[in-house]
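The next block holds one structure in the form of structure tokens; read it before the comments.
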Amino acid sequence: MTRIKTYFDDNPERTALISFVTAGDPTLEHTVPALHALVAGGVDILELGVPFSDPEAEGPAIQASSERALANGVTLHMVLDMVRDFRRDNTHTPVVLMGYLNSILAMPDFAAQAQQAGIDGLIMVNLPPESAADIQADLAAHDIDLIFLIAPTTTDERAQLILQRASGFAYYVSLKGITGADHLRTDDVATRLNTLRQYSQLPLCVGFGIKDAATAARVAEVADGVVVGSALVQQLAAHEGSVEQAAAALQSAAQDLRQGVDQAT
Amino acid sequence: MPGVEQAGSNYAQPSEDGQFGEFGGRYVAETLTHALDELAQLYVQAKQDPQFQQELHDDLKYYVGRPTPLYFAERLTKELGGAKVYLKREDLNHTGAHKICNTIGQALLAKRMGKPRVIAETGAGQHGVATATVAARLGLTCDVYMGAEDVERQSLNVYRMKLLGANVIPVESGSRTLKDALNEAMRDWVTNVDDTHYIIGTVAGPHPFPMLVRDFAAVIGQEARAQILELEGRLPNVAVACVGGGSNAMGLFHAFIDDVDVDLVGVEAAGRGLDTGEHAAPLNDGKVGVLHGNRTYLMADEDGQIKATHSISAGLDYPGVGPEHSYLKDIGRATYAAATDEETMAAFRLLNRTEGILAALESSHAIAWVAANAPSMQAEDIIVVNLSGRGDKDINTIAKLDNIQLT
């Protein structure tokens, strides 16, 4: 059983707050303190971005964070080391790596190494379930959930297939667009999640375009988890010069989001 | 004579889900899956629809100017002193390159889908111009993504696209070149998928693009095969073309794949030399990975990050290659050579001097292979080389190499 399942089993009434930051952004030193600060501010599940040279699905904020991280020389090995470091002080918060397939393909024993580092889940933006069988089996053998995305354009028929194959949680992409976009419509999200719930008991988390406590609150009304990324990444970028200030800003941002999420019932 | 019957009938790639062996497939953000399914379905219908085929045929004939000639390069042949060299004159297409065969086809698909807007990525600007051209003709809105660095290098084509009514959007992210333009076009498509068709410019991207771009370009090889049979009464020993993404090469190769006695040779950009790492030759010096929606050979570092590429020709300056080329390489049906910038420039000048043809720098890579290999072949041997585009767009680049300032 992964920490993700344990978390959702232990917290049936709570809406998960899920954060995204890119590993090694804005400096290598920022990441581990940032993860601890996010947890201290009320984050339940941590997504950690593996920077990639060609992040096709990302908006400007996360693209820029990826470029900064790569300029700092971040590799997948270093990302795993950051998680090992984080795990010395935190053994319970689920950590999910998010990135692009080519990074994982470059590390043939990724599943074993990721398990050893304390990773609980993996989101591959450009890996649809049809092409994921081999990787998924390898990950499952190492207790790592492969988390699939469902989009507004995904047909119901296909969504059923995705939900059958998904583990951990399903990530509903709230809008047609890239991360950090600003045309989220919570009514549409609610309608779709209601349909998806008929197919699966799996927790449904929603991301893309959730920027502040107010939006998080509206999405939390219908979702099991709310993912916030670009807004946090921008906080990190604004505090490039100080690890402590960045951590404080993230903790405060997480607290705001937490309040928003908790307002929902 | 064996192999003279219509070729390509035994070769059935890709599979229904877009796999060329282990290559190809569909590695995209989930939002695009539905649009790709729709496109694949619509394409299958269109392919079987005589009306669509007639419209495509008429456009290629009356608007593009096909068939293009297969031209015996007599003085080039004499100078090289070996195999007979025939040039498939794709430089004579409307807009000056083979690219328009694909954009015509895809624009007809966009029209059939009722999508009023098309987008494209472009490197050198040839595909952007070809897309802007068909958009103007069909009254479609057109946005072209182009790396900011390429916008500076290719100002002539940028202006051409603007004259054609297209909006050129410089891409400032990443390496500010072709691959980043492709990323940005994907981001646009994810956002505007309901009313927009993405006209990918090469045989790469997610399924069904590698298949349908190949099919639209395959007219090159179909014509060349019939033409060489008419002119020489037999098939060539070698069919050769340059390979960046690889659309002109797949277009030439496809009709010859079943003709196993015809050697298929792709020529990648060796840039400053394969051993320098400064090149764009993933089939010669790359490894298998996933980029821009498909599994293929790529130039990537040990951490899977896509490497910066170098080629004198912007159209070959791309770190990946169409997945069907990766497949043809691995099954041994095609071989892939490479030509350096220097060899390419020499070939460019050679063709100018002997035949009065100013070839694109992309196509000059294929000529460089001919210059290196024709002399050691027999006088009765035949090479068909795809002259994929004309070189007017490269005049500024070449003048700069010659230290000449054009005004």
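Scheme for the structure tokens: letters A, B, ... for chains in order shown; per-chain residue numbers from 1; ligand numbers from 1 in order shown.
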
Pull the closest atom pair for each residue of chain B that gets at most 10 Å from chain A, along with the distance in Å to one decimal, counting only C-alpha atoms, ordering rows by chain and then ascending residue number, as JSON lines.
```
{"residue": "B:Asp17", "atom": "CA", "partner": "A:Glu130", "partner_atom": "CA", "distance": 9.5}
{"residue": "B:Gly25", "atom": "CA", "partner": "A:Ser131", "partner_atom": "CA", "distance": 8.0}
{"residue": "B:Arg26", "atom": "CA", "partner": "A:Pro128", "partner_atom": "CA", "distance": 7.8}
{"residue": "B:Tyr27", "atom": "CA", "partner": "A:Asn126", "partner_atom": "CA", "distance": 4.9}
{"residue": "B:Val28", "atom": "CA", "partner": "A:Asn126", "partner_atom": "CA", "distance": 4.3}
{"residue": "B:Ala29", "atom": "CA", "partner": "A:Asn126", "partner_atom": "CA", "distance": 4.9}
{"residue": "B:Glu30", "atom": "CA", "partner": "A:Ala151", "partner_atom": "CA", "distance": 5.9}
{"residue": "B:Thr31", "atom": "CA", "partner": "A:Ala151", "partner_atom": "CA", "distance": 5.0}
{"residue": "B:Leu32", "atom": "CA", "partner": "A:Thr153", "partner_atom": "CA", "distance": 7.5}
{"residue": "B:Thr33", "atom": "CA", "partner": "A:Thr154", "partner_atom": "CA", "distance": 7.3}
{"residue": "B:His34", "atom": "CA", "partner": "A:Thr153", "partner_atom": "CA", "distance": 6.2}
{"residue": "B:Ala35", "atom": "CA", "partner": "A:Thr153", "partner_atom": "CA", "distance": 8.1}
{"residue": "B:Ser173", "atom": "CA", "partner": "A:Gln63", "partner_atom": "CA", "distance": 7.8}
{"residue": "B:Gly174", "atom": "CA", "partner": "A:Ser53", "partner_atom": "CA", "distance": 7.0}
{"residue": "B:Ser175", "atom": "CA", "partner": "A:Ser53", "partner_atom": "CA", "distance": 9.0}
{"residue": "B:Lys179", "atom": "CA", "partner": "A:Asp54", "partner_atom": "CA", "distance": 8.0}
{"residue": "B:Asp180", "atom": "CA", "partner": "A:Asp54", "partner_atom": "CA", "distance": 7.2}
{"residue": "B:Leu182", "atom": "CA", "partner": "A:Glu56", "partner_atom": "CA", "distance": 8.5}
{"residue": "B:Asn183", "atom": "CA", "partner": "A:Glu56", "partner_atom": "CA", "distance": 5.0}
{"residue": "B:Glu184", "atom": "CA", "partner": "A:Glu56", "partner_atom": "CA", "distance": 7.1}
{"residue": "B:Ala185", "atom": "CA", "partner": "A:Glu56", "partner_atom": "CA", "distance": 8.9}
{"residue": "B:Met186", "atom": "CA", "partner": "A:Glu56", "partner_atom": "CA", "distance": 6.5}
{"residue": "B:Arg187", "atom": "CA", "partner": "A:Ala57", "partner_atom": "CA", "distance": 6.0}
{"residue": "B:Asp188", "atom": "CA", "partner": "A:Gly177", "partner_atom": "CA", "distance": 7.6}
{"residue": "B:Trp189", "atom": "CA", "partner": "A:Gly177", "partner_atom": "CA", "distance": 8.1}
{"residue": "B:Val190", "atom": "CA", "partner": "A:Gly177", "partner_atom": "CA", "distance": 5.1}
{"residue": "B:Thr191", "atom": "CA", "partner": "A:Gly177", "partner_atom": "CA", "distance": 3.9}
{"residue": "B:Asn192", "atom": "CA", "partner": "A:Lys176", "partner_atom": "CA", "distance": 7.4}
{"residue": "B:Val193", "atom": "CA", "partner": "A:Lys176", "partner_atom": "CA", "distance": 7.9}
{"residue": "B:Asp194", "atom": "CA", "partner": "A:Lys176", "partner_atom": "CA", "distance": 9.3}
{"residue": "B:Lys287", "atom": "CA", "partner": "A:Ala106", "partner_atom": "CA", "distance": 9.8}
{"residue": "B:Val288", "atom": "CA", "partner": "A:Leu105", "partner_atom": "CA", "distance": 9.0}
{"residue": "B:Gly289", "atom": "CA", "partner": "A:Asn102", "partner_atom": "CA", "distance": 5.8}
{"residue": "B:Val290", "atom": "CA", "partner": "A:Asn102", "partner_atom": "CA", "distance": 5.3}
{"residue": "B:Leu291", "atom": "CA", "partner": "A:Asn102", "partner_atom": "CA", "distance": 7.2}
{"residue": "B:His292", "atom": "CA", "partner": "A:Glu56", "partner_atom": "CA", "distance": 7.8}
{"residue": "B:Gly293", "atom": "CA", "partner": "A:Asn126", "partner_atom": "CA", "distance": 7.3}
{"residue": "B:Asn294", "atom": "CA", "partner": "A:Asn126", "partner_atom": "CA", "distance": 9.7}
{"residue": "B:Arg295", "atom": "CA", "partner": "A:Asn102", "partner_atom": "CA", "distance": 9.3}
{"residue": "B:Ala300", "atom": "CA", "partner": "A:Asn102", "partner_atom": "CA", "distance": 8.9}
{"residue": "B:Asp301", "atom": "CA", "partner": "A:Ala106", "partner_atom": "CA", "distance": 8.7}
{"residue": "B:Glu302", "atom": "CA", "partner": "A:Ala106", "partner_atom": "CA", "distance": 6.5}
{"residue": "B:Asp303", "atom": "CA", "partner": "A:Ala106", "partner_atom": "CA", "distance": 5.7}
{"residue": "B:Gly304", "atom": "CA", "partner": "A:Ser103", "partner_atom": "CA", "distance": 4.8}
{"residue": "B:Gln305", "atom": "CA", "partner": "A:Ser53", "partner_atom": "CA", "distance": 5.5}
{"residue": "B:Ile306", "atom": "CA", "partner": "A:Ser53", "partner_atom": "CA", "distance": 5.9}
{"residue": "B:Lys307", "atom": "CA", "partner": "A:Ser53", "partner_atom": "CA", "distance": 8.4}
{"residue": "B:Ala308", "atom": "CA", "partner": "A:Ser53", "partner_atom": "CA", "distance": 9.9}
```

For this session: Please report, as a ChimeraX atom specification, each residue of stretch 13-65 of chain A to which DSSP assigns strand (DSSP E) when run on this structure's backbone.
Result: /A:16-22,45-49

For this session: Between atom CA of B:Leu328 and atom CA of B:His254, measure the distance and give it in Å to one decimal.
Result: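 Here the two named atoms are 10.6 Å from each other.
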
For this session: Write out as a ChimeraX atom specification which residues come within 10 Å of B:Ile312 when counting only C-alpha atoms, dropping same-chain ones fewer than 6 positions away.
Result: /B:269-272,279-280,340-342,344-345,361-362,394,397-398

Selection file, N, CA and C atoms, as a compact mmCIF listing (two decimals), in the first residue's frame:
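Printed below is again20.txt as written:
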```txt
# COMPACT_ATOMS: atom_id res chain seq x y z
N ALA B 269 21.89 15.73 -41.25
CA ALA B 269 22.80 16.86 -41.15
C ALA B 269 23.91 16.56 -40.16
N ALA B 270 25.14 16.38 -40.66
CA ALA B 270 26.27 16.11 -39.77
C ALA B 270 26.86 17.40 -39.20
N GLY B 271 26.30 18.55 -39.57
CA GLY B 271 26.74 19.82 -38.99
C GLY B 271 28.24 20.02 -39.08
N ARG B 272 28.86 20.24 -37.92
CA ARG B 272 30.32 20.45 -37.90
C ARG B 272 31.06 19.12 -37.85
N HIS B 279 25.62 18.58 -34.39
CA HIS B 279 24.98 18.12 -35.61
C HIS B 279 23.49 17.94 -35.33
N ALA B 280 22.79 17.41 -36.31
CA ALA B 280 21.36 17.12 -36.14
C ALA B 280 21.09 15.77 -36.78
N THR B 340 28.24 16.86 -43.76
CA THR B 340 28.60 18.01 -42.94
C THR B 340 28.18 19.31 -43.63
N ASP B 341 28.21 20.39 -42.87
CA ASP B 341 27.94 21.71 -43.43
C ASP B 341 28.85 21.98 -44.63
N GLU B 342 30.13 21.64 -44.45
CA GLU B 342 31.11 21.92 -45.48
C GLU B 342 30.84 21.12 -46.75
N THR B 344 28.05 19.96 -47.64
CA THR B 344 26.79 20.46 -48.18
C THR B 344 27.00 21.72 -49.02
N MET B 345 27.84 22.61 -48.50
CA MET B 345 28.11 23.85 -49.25
C MET B 345 28.81 23.54 -50.57
N LEU B 361 19.54 24.41 -48.95
CA LEU B 361 20.64 23.78 -48.22
C LEU B 361 20.23 22.41 -47.68
N GLU B 362 18.94 22.26 -47.34
CA GLU B 362 18.46 20.95 -46.90
C GLU B 362 18.74 19.92 -48.00
N ASP B 394 17.88 30.66 -48.76
CA ASP B 394 19.17 30.50 -48.09
C ASP B 394 20.22 31.50 -48.54
N THR B 397 22.08 33.36 -45.79
CA THR B 397 23.00 32.50 -45.04
C THR B 397 24.28 32.27 -45.83
N ILE B 398 24.10 32.01 -47.12
CA ILE B 398 25.26 31.68 -47.96
C ILE B 398 26.13 32.92 -48.19
```

For this session: Excluding B:Val260 and any residue of its chain fewer than 2 positions from it, enumerate the residues within 10 Å of it, using only C-alpha atoms, and give them as a PyMOL selection string.
Result: chain B and resi 3+7+237+256-258+262-264+333-334

Can you write just those residues out, all heavy atoms, as a PDB file, in the first residue's frame?
```pdb
ATOM      1  N   GLY B   3       9.358  -6.319 -59.643  1.00  0.00           N
ATOM      2  CA  GLY B   3       9.330  -5.070 -58.894  1.00  0.00           C
ATOM      3  C   GLY B   3       8.781  -3.893 -59.674  1.00  0.00           C
ATOM      4  O   GLY B   3       8.705  -2.793 -59.156  1.00  0.00           O
ATOM      5  N   ALA B   7       4.290  -0.655 -56.399  1.00  0.00           N
ATOM      6  CA  ALA B   7       4.943  -1.015 -55.147  1.00  0.00           C
ATOM      7  C   ALA B   7       4.179  -0.459 -53.954  1.00  0.00           C
ATOM      8  O   ALA B   7       3.230   0.287 -54.100  1.00  0.00           O
ATOM      9  CB  ALA B   7       6.363  -0.481 -55.147  1.00  0.00           C
ATOM     10  N   ASN B 237      18.939   2.273 -58.820  1.00  0.00           N
ATOM     11  CA  ASN B 237      19.677   1.506 -57.829  1.00  0.00           C
ATOM     12  C   ASN B 237      19.524   2.129 -56.440  1.00  0.00           C
ATOM     13  O   ASN B 237      19.494   1.420 -55.440  1.00  0.00           O
ATOM     14  CB  ASN B 237      21.171   1.475 -58.188  1.00  0.00           C
ATOM     15  CG  ASN B 237      21.390   0.837 -59.538  1.00  0.00           C
ATOM     16  OD1 ASN B 237      21.111   1.451 -60.569  1.00  0.00           O
ATOM     17  ND2 ASN B 237      21.838  -0.413 -59.532  1.00  0.00           N
ATOM     18  N   PHE B 256       8.840   3.070 -53.034  1.00  0.00           N
ATOM     19  CA  PHE B 256       9.920   2.136 -53.374  1.00  0.00           C
ATOM     20  C   PHE B 256      10.150   1.066 -52.297  1.00  0.00           C
ATOM     21  O   PHE B 256      11.045   0.231 -52.446  1.00  0.00           O
ATOM     22  CB  PHE B 256      11.239   2.899 -53.585  1.00  0.00           C
ATOM     23  CG  PHE B 256      11.272   3.768 -54.820  1.00  0.00           C
ATOM     24  CD1 PHE B 256      11.149   5.149 -54.718  1.00  0.00           C
ATOM     25  CD2 PHE B 256      11.439   3.205 -56.084  1.00  0.00           C
ATOM     26  CE1 PHE B 256      11.195   5.967 -55.847  1.00  0.00           C
ATOM     27  CE2 PHE B 256      11.485   4.012 -57.216  1.00  0.00           C
ATOM     28  CZ  PHE B 256      11.357   5.400 -57.102  1.00  0.00           C
ATOM     29  N   ILE B 257       9.385   1.113 -51.217  1.00  0.00           N
ATOM     30  CA  ILE B 257       9.709   0.227 -50.086  1.00  0.00           C
ATOM     31  C   ILE B 257       9.625  -1.248 -50.474  1.00  0.00           C
ATOM     32  O   ILE B 257      10.470  -2.059 -50.072  1.00  0.00           O
ATOM     33  CB  ILE B 257       8.819   0.551 -48.863  1.00  0.00           C
ATOM     34  CG1 ILE B 257       9.254   1.903 -48.275  1.00  0.00           C
ATOM     35  CG2 ILE B 257       8.951  -0.531 -47.784  1.00  0.00           C
ATOM     36  CD1 ILE B 257       8.459   2.370 -47.090  1.00  0.00           C
ATOM     37  N   ASP B 258       8.628  -1.600 -51.265  1.00  0.00           N
ATOM     38  CA  ASP B 258       8.514  -3.005 -51.695  1.00  0.00           C
ATOM     39  C   ASP B 258       9.548  -3.384 -52.759  1.00  0.00           C
ATOM     40  O   ASP B 258       9.745  -4.564 -53.037  1.00  0.00           O
ATOM     41  CB  ASP B 258       7.117  -3.274 -52.262  1.00  0.00           C
ATOM     42  CG  ASP B 258       6.084  -3.463 -51.156  1.00  0.00           C
ATOM     43  OD1 ASP B 258       6.487  -3.548 -49.970  1.00  0.00           O
ATOM     44  OD2 ASP B 258       4.890  -3.512 -51.471  1.00  0.00           O
ATOM     45  N   VAL B 262      15.955  -1.579 -54.691  1.00  0.00           N
ATOM     46  CA  VAL B 262      16.261  -0.143 -54.677  1.00  0.00           C
ATOM     47  C   VAL B 262      16.768   0.226 -53.283  1.00  0.00           C
ATOM     48  O   VAL B 262      16.050   0.095 -52.288  1.00  0.00           O
ATOM     49  CB  VAL B 262      15.015   0.697 -55.019  1.00  0.00           C
ATOM     50  CG1 VAL B 262      15.338   2.191 -54.964  1.00  0.00           C
ATOM     51  CG2 VAL B 262      14.458   0.307 -56.382  1.00  0.00           C
ATOM     52  N   ASP B 263      18.013   0.675 -53.210  1.00  0.00           N
ATOM     53  CA  ASP B 263      18.553   1.120 -51.919  1.00  0.00           C
ATOM     54  C   ASP B 263      17.935   2.461 -51.550  1.00  0.00           C
ATOM     55  O   ASP B 263      17.909   3.381 -52.378  1.00  0.00           O
ATOM     56  CB  ASP B 263      20.077   1.302 -52.000  1.00  0.00           C
ATOM     57  CG  ASP B 263      20.804  -0.028 -52.127  1.00  0.00           C
ATOM     58  OD1 ASP B 263      20.204  -1.065 -51.798  1.00  0.00           O
ATOM     59  OD2 ASP B 263      21.973  -0.013 -52.569  1.00  0.00           O
ATOM     60  N   LEU B 264      17.453   2.563 -50.325  1.00  0.00           N
ATOM     61  CA  LEU B 264      16.905   3.835 -49.845  1.00  0.00           C
ATOM     62  C   LEU B 264      17.928   4.464 -48.908  1.00  0.00           C
ATOM     63  O   LEU B 264      18.355   3.832 -47.938  1.00  0.00           O
ATOM     64  CB  LEU B 264      15.586   3.588 -49.098  1.00  0.00           C
ATOM     65  CG  LEU B 264      14.519   2.804 -49.880  1.00  0.00           C
ATOM     66  CD1 LEU B 264      13.286   2.562 -48.993  1.00  0.00           C
ATOM     67  CD2 LEU B 264      14.130   3.558 -51.152  1.00  0.00           C
ATOM     68  N   ARG B 333      15.825  -1.612 -43.928  1.00  0.00           N
ATOM     69  CA  ARG B 333      15.317  -1.314 -45.263  1.00  0.00           C
ATOM     70  C   ARG B 333      15.903  -0.020 -45.818  1.00  0.00           C
ATOM     71  O   ARG B 333      16.017   0.146 -47.028  1.00  0.00           O
ATOM     72  CB  ARG B 333      13.778  -1.242 -45.253  1.00  0.00           C
ATOM     73  CG  ARG B 333      13.151  -0.933 -46.616  1.00  0.00           C
ATOM     74  CD  ARG B 333      13.484  -2.017 -47.654  1.00  0.00           C
ATOM     75  NE  ARG B 333      13.132  -1.637 -49.026  1.00  0.00           N
ATOM     76  CZ  ARG B 333      13.974  -1.085 -49.897  1.00  0.00           C
ATOM     77  NH1 ARG B 333      15.231  -0.811 -49.537  1.00  0.00           N
ATOM     78  NH2 ARG B 333      13.588  -0.800 -51.115  1.00  0.00           N
ATOM     79  N   ALA B 334      16.219   0.912 -44.943  1.00  0.00           N
ATOM     80  CA  ALA B 334      16.868   2.151 -45.393  1.00  0.00           C
ATOM     81  C   ALA B 334      18.167   2.314 -44.609  1.00  0.00           C
ATOM     82  O   ALA B 334      18.298   1.791 -43.505  1.00  0.00           O
ATOM     83  CB  ALA B 334      15.965   3.349 -45.160  1.00  0.00           C
TER      84      ALA B 334
END
```

For this session: Just the residues within 12 Å of B:Asp381, please, counting only C-alpha atoms, with nothing from its chain fewer than 2 positions along; format it as a PyMOL selection string.
Result: chain B and resi 77+81-86+232+234-239+262-263+373-379+383-384

Problem set entry | Shortest interatomic distance to A:Gln201 - which of A:Ser19, A:Gln160, A:Ser174, A:Ser230, counting only C-alpha atoms |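 Smallest separation from A:Gln201 among the options: A:Gln160.
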
What lies within 6 Å of stretch 63-69 of chain B using only C-alpha atoms, ignoring chain neighbours under 2 positions off, as a compact mmCIF listing (two decimals) with N, CA, C and O atoms, in the first residue's frame?
```txt
# COMPACT_ATOMS: atom_id res chain seq x y z
N ASP B 59 -6.01 20.03 -56.87
CA ASP B 59 -5.19 21.07 -56.24
C ASP B 59 -3.72 20.86 -56.56
O ASP B 59 -2.98 21.81 -56.84
N LEU B 60 -3.27 19.61 -56.49
CA LEU B 60 -1.86 19.33 -56.76
C LEU B 60 -1.52 19.63 -58.22
O LEU B 60 -0.45 20.12 -58.54
N LYS B 61 -2.48 19.36 -59.09
CA LYS B 61 -2.21 19.56 -60.51
C LYS B 61 -2.27 21.04 -60.90
O LYS B 61 -1.35 21.57 -61.51
N TYR B 71 14.39 14.96 -63.69
CA TYR B 71 15.31 15.59 -64.63
C TYR B 71 16.66 14.88 -64.61
O TYR B 71 17.24 14.65 -63.55
N ARG B 89 12.38 17.14 -59.16
CA ARG B 89 12.41 18.60 -59.02
C ARG B 89 11.29 19.13 -58.13
O ARG B 89 10.42 19.88 -58.58
N ASN B 93 7.70 23.03 -57.23
CA ASN B 93 6.35 23.18 -56.67
C ASN B 93 6.04 24.65 -56.37
O ASN B 93 6.95 25.42 -56.04
N HIS B 94 4.77 25.01 -56.41
CA HIS B 94 4.35 26.31 -55.89
C HIS B 94 4.86 26.46 -54.46
O HIS B 94 4.77 25.52 -53.68
```

Fewer than 4 positions away in the same chain doesn't count, so skip those; otherwise give me all residues within 9 Å of B:Ala130, counting only C-alpha atoms, as an mmCIF file with N, CA and C atoms, in the first residue's frame.
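Heads up, here's the output in part.cif:
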```
data_model
loop_
_atom_site.group_PDB
_atom_site.id
_atom_site.type_symbol
_atom_site.label_atom_id
_atom_site.label_comp_id
_atom_site.auth_asym_id
_atom_site.auth_seq_id
_atom_site.Cartn_x
_atom_site.Cartn_y
_atom_site.Cartn_z
ATOM 1 N N HIS B 94 4.770 25.013 -56.411
ATOM 2 C CA HIS B 94 4.348 26.311 -55.894
ATOM 3 C C HIS B 94 4.864 26.460 -54.462
ATOM 4 N N THR B 95 5.400 27.612 -54.132
ATOM 5 C CA THR B 95 6.069 27.985 -52.873
ATOM 6 C C THR B 95 7.467 27.378 -52.739
ATOM 7 N N GLY B 96 7.899 26.547 -53.697
ATOM 8 C CA GLY B 96 9.319 26.219 -53.764
ATOM 9 C C GLY B 96 9.812 25.020 -52.994
ATOM 10 N N ALA B 97 8.916 24.174 -52.530
ATOM 11 C CA ALA B 97 9.358 22.963 -51.839
ATOM 12 C C ALA B 97 8.216 21.953 -51.801
ATOM 13 N N LYS B 99 6.847 20.800 -49.323
ATOM 14 C CA LYS B 99 6.005 20.986 -48.130
ATOM 15 C C LYS B 99 4.539 21.245 -48.462
ATOM 16 N N ILE B 100 4.284 21.853 -49.600
ATOM 17 C CA ILE B 100 2.904 22.256 -49.899
ATOM 18 C C ILE B 100 2.002 21.044 -50.174
ATOM 19 N N CYS B 101 2.567 19.921 -50.578
ATOM 20 C CA CYS B 101 1.734 18.719 -50.799
ATOM 21 C C CYS B 101 1.032 18.326 -49.500
ATOM 22 N N ASN B 102 1.773 18.422 -48.390
ATOM 23 C CA ASN B 102 1.209 18.103 -47.084
ATOM 24 C C ASN B 102 0.220 19.171 -46.627
ATOM 25 N N THR B 103 0.559 20.442 -46.798
ATOM 26 C CA THR B 103 -0.338 21.482 -46.274
ATOM 27 C C THR B 103 -1.638 21.531 -47.073
ATOM 28 N N ILE B 104 -1.563 21.270 -48.366
ATOM 29 C CA ILE B 104 -2.796 21.181 -49.169
ATOM 30 C C ILE B 104 -3.699 20.081 -48.607
ATOM 31 N N GLY B 125 10.984 28.280 -42.217
ATOM 32 C CA GLY B 125 9.881 29.093 -42.703
ATOM 33 C C GLY B 125 9.172 28.493 -43.905
ATOM 34 N N GLN B 126 9.731 27.423 -44.492
ATOM 35 C CA GLN B 126 9.113 26.840 -45.687
ATOM 36 C C GLN B 126 7.749 26.237 -45.381
ATOM 37 N N VAL B 134 -1.893 27.939 -48.166
ATOM 38 C CA VAL B 134 -3.158 27.211 -48.305
ATOM 39 C C VAL B 134 -4.246 27.831 -47.431
ATOM 40 N N ALA B 135 -3.827 28.424 -46.306
ATOM 41 C CA ALA B 135 -4.814 29.100 -45.450
ATOM 42 C C ALA B 135 -5.423 30.277 -46.204
ATOM 43 N N MET B 161 5.175 35.174 -45.024
ATOM 44 C CA MET B 161 3.999 34.679 -44.289
ATOM 45 C C MET B 161 3.058 35.824 -43.936
#
```

Exercise. Could you pull out the helix (DSSP H, G or I) residues of stretch 125-253 of chain A from DSSP and send them as a count of residues only?
Worked result: 62

Exercise. In terms of the shortest atom-to-atom distance over only C-alpha atoms, which of A:Ala170, A:Ala247, A:Val219, A:Leu35 is closest to A:Ala264?
Worked result: A:Val219
